[in-house]
Amino acid sequence: MNEDSQSQENQTAKHMASVKAAWDKAPEGPKKATALKHYQAAEKAHEAENDEEAHKELKEASRALM
């Protein structure tokens, strides 16, 4: 793994942790359920090493919690 991809990996992991923390604090309801779907999609994208898709899903998860 080169330095750029390792940096991208760290950035994605930090973004995921941030969204997960916001999700944990959110009250139960349809917004939280929608955010969870996006978060799970982000996890799958991250596992597939598709960081661009992971960030897109994380942004959608964050929007859902607003």
# chains A, B, ... in the order shown; residues from 1 in each chain; ligands from 1
call {"tool": "residues_around", "arguments": {"residues": "segment 24-38 of chain A", "least_positions_apart": "5", "cutoff": "6 Å", "atoms": "only C-alpha atoms", "output": "PDB file with N, CA and C atoms, in the first residue's frame"}}
result
ATOM      1  N   GLU A  57     -21.541   7.826   0.528  1.00  0.00           N
ATOM      2  CA  GLU A  57     -22.544   7.243   1.417  1.00  0.00           C
ATOM      3  C   GLU A  57     -22.482   7.856   2.816  1.00  0.00           C
ATOM      4  N   ALA A  61     -25.421   9.686   4.856  1.00  0.00           N
ATOM      5  CA  ALA A  61     -25.776   9.304   6.227  1.00  0.00           C
ATOM      6  C   ALA A  61     -25.820  10.544   7.116  1.00  0.00           C
ATOM      7  N   ALA A  64     -28.911  12.548   6.400  1.00  0.00           N
ATOM      8  CA  ALA A  64     -30.108  11.890   6.928  1.00  0.00           C
ATOM      9  C   ALA A  64     -30.314  12.195   8.408  1.00  0.00           C
ATOM     10  N   LEU A  65     -29.231  12.429   9.116  1.00  0.00           N
ATOM     11  CA  LEU A  65     -29.338  12.694  10.557  1.00  0.00           C
ATOM     12  C   LEU A  65     -29.721  14.142  10.868  1.00  0.00           C
TER      13      LEU A  65
END
call {"tool": "residues_around", "arguments": {"residues": "Asp51 of chain A", "least_positions_apart": "3", "cutoff": "12 Å", "atoms": "only C-alpha atoms", "output": "PyMOL selection string"}}
result
chain A and resi 5-16+41-48+54-58
call {"tool": "write_last_selection", "arguments": {"atoms": "N, CA and C atoms", "output": "short mmCIF file (atom, residue, chain, number, x, y, z; two decimals), in the first residue's frame"}}
result
data_model
loop_
_atom_site.label_atom_id
_atom_site.label_comp_id
_atom_site.auth_asym_id
_atom_site.auth_seq_id
_atom_site.Cartn_x
_atom_site.Cartn_y
_atom_site.Cartn_z
N SER A 5 -2.60 5.96 -0.80
CA SER A 5 -3.75 5.10 -0.50
C SER A 5 -3.88 4.87 1.00
N GLN A 6 -2.76 4.86 1.70
CA GLN A 6 -2.80 4.70 3.15
C GLN A 6 -3.43 5.95 3.79
N SER A 7 -3.08 7.12 3.26
CA SER A 7 -3.66 8.37 3.75
C SER A 7 -5.16 8.39 3.48
N GLN A 8 -5.57 7.96 2.30
CA GLN A 8 -6.98 7.90 1.94
C GLN A 8 -7.71 6.92 2.86
N GLU A 9 -7.07 5.81 3.16
CA GLU A 9 -7.64 4.81 4.07
C GLU A 9 -7.88 5.42 5.45
N ASN A 10 -6.90 6.16 5.96
CA ASN A 10 -7.03 6.81 7.26
C ASN A 10 -8.14 7.86 7.25
N GLN A 11 -8.23 8.62 6.17
CA GLN A 11 -9.26 9.64 6.05
C GLN A 11 -10.65 9.00 6.04
N THR A 12 -10.80 7.91 5.32
CA THR A 12 -12.09 7.22 5.26
C THR A 12 -12.44 6.65 6.64
N ALA A 13 -11.49 6.07 7.30
CA ALA A 13 -11.73 5.50 8.64
C ALA A 13 -12.15 6.60 9.62
N LYS A 14 -11.51 7.75 9.55
CA LYS A 14 -11.88 8.87 10.44
C LYS A 14 -13.29 9.36 10.12
N HIS A 15 -13.61 9.47 8.84
CA HIS A 15 -14.93 9.92 8.42
C HIS A 15 -15.99 8.93 8.92
N MET A 16 -15.71 7.64 8.80
CA MET A 16 -16.65 6.62 9.26
C MET A 16 -16.85 6.72 10.78
N ALA A 41 -23.89 0.89 3.67
CA ALA A 41 -23.41 0.94 2.29
C ALA A 41 -21.98 1.48 2.25
N ALA A 42 -21.68 2.43 3.11
CA ALA A 42 -20.32 2.99 3.19
C ALA A 42 -19.34 1.92 3.67
N GLU A 43 -19.77 1.12 4.64
CA GLU A 43 -18.90 0.03 5.12
C GLU A 43 -18.57 -0.95 3.99
N LYS A 44 -19.57 -1.30 3.21
CA LYS A 44 -19.35 -2.23 2.10
C LYS A 44 -18.40 -1.62 1.07
N ALA A 45 -18.61 -0.35 0.76
CA ALA A 45 -17.73 0.33 -0.20
C ALA A 45 -16.30 0.40 0.33
N HIS A 46 -16.18 0.67 1.62
CA HIS A 46 -14.85 0.75 2.24
C HIS A 46 -14.15 -0.61 2.18
N GLU A 47 -14.89 -1.66 2.47
CA GLU A 47 -14.31 -3.01 2.40
C GLU A 47 -13.87 -3.35 0.98
N ALA A 48 -14.60 -2.82 0.00
CA ALA A 48 -14.26 -3.06 -1.41
C ALA A 48 -13.19 -2.08 -1.91
N ALA A 54 -17.58 5.27 -0.55
CA ALA A 54 -17.74 5.27 0.90
C ALA A 54 -18.00 6.68 1.41
N HIS A 55 -17.23 7.66 0.92
CA HIS A 55 -17.42 9.05 1.34
C HIS A 55 -18.79 9.56 0.90
N LYS A 56 -19.22 9.18 -0.29
CA LYS A 56 -20.53 9.61 -0.79
C LYS A 56 -21.63 9.10 0.16
N GLU A 57 -21.54 7.83 0.53
CA GLU A 57 -22.54 7.24 1.42
C GLU A 57 -22.48 7.86 2.82
N LEU A 58 -21.29 8.16 3.28
CA LEU A 58 -21.15 8.79 4.59
C LEU A 58 -21.77 10.19 4.60
#
call {"tool": "select_by_dssp", "arguments": {"residues": "chain A", "states": "alpha helix (DSSP H)", "output": "PyMOL selection string"}}
result
chain A and resi 3-25+30-47+51-65
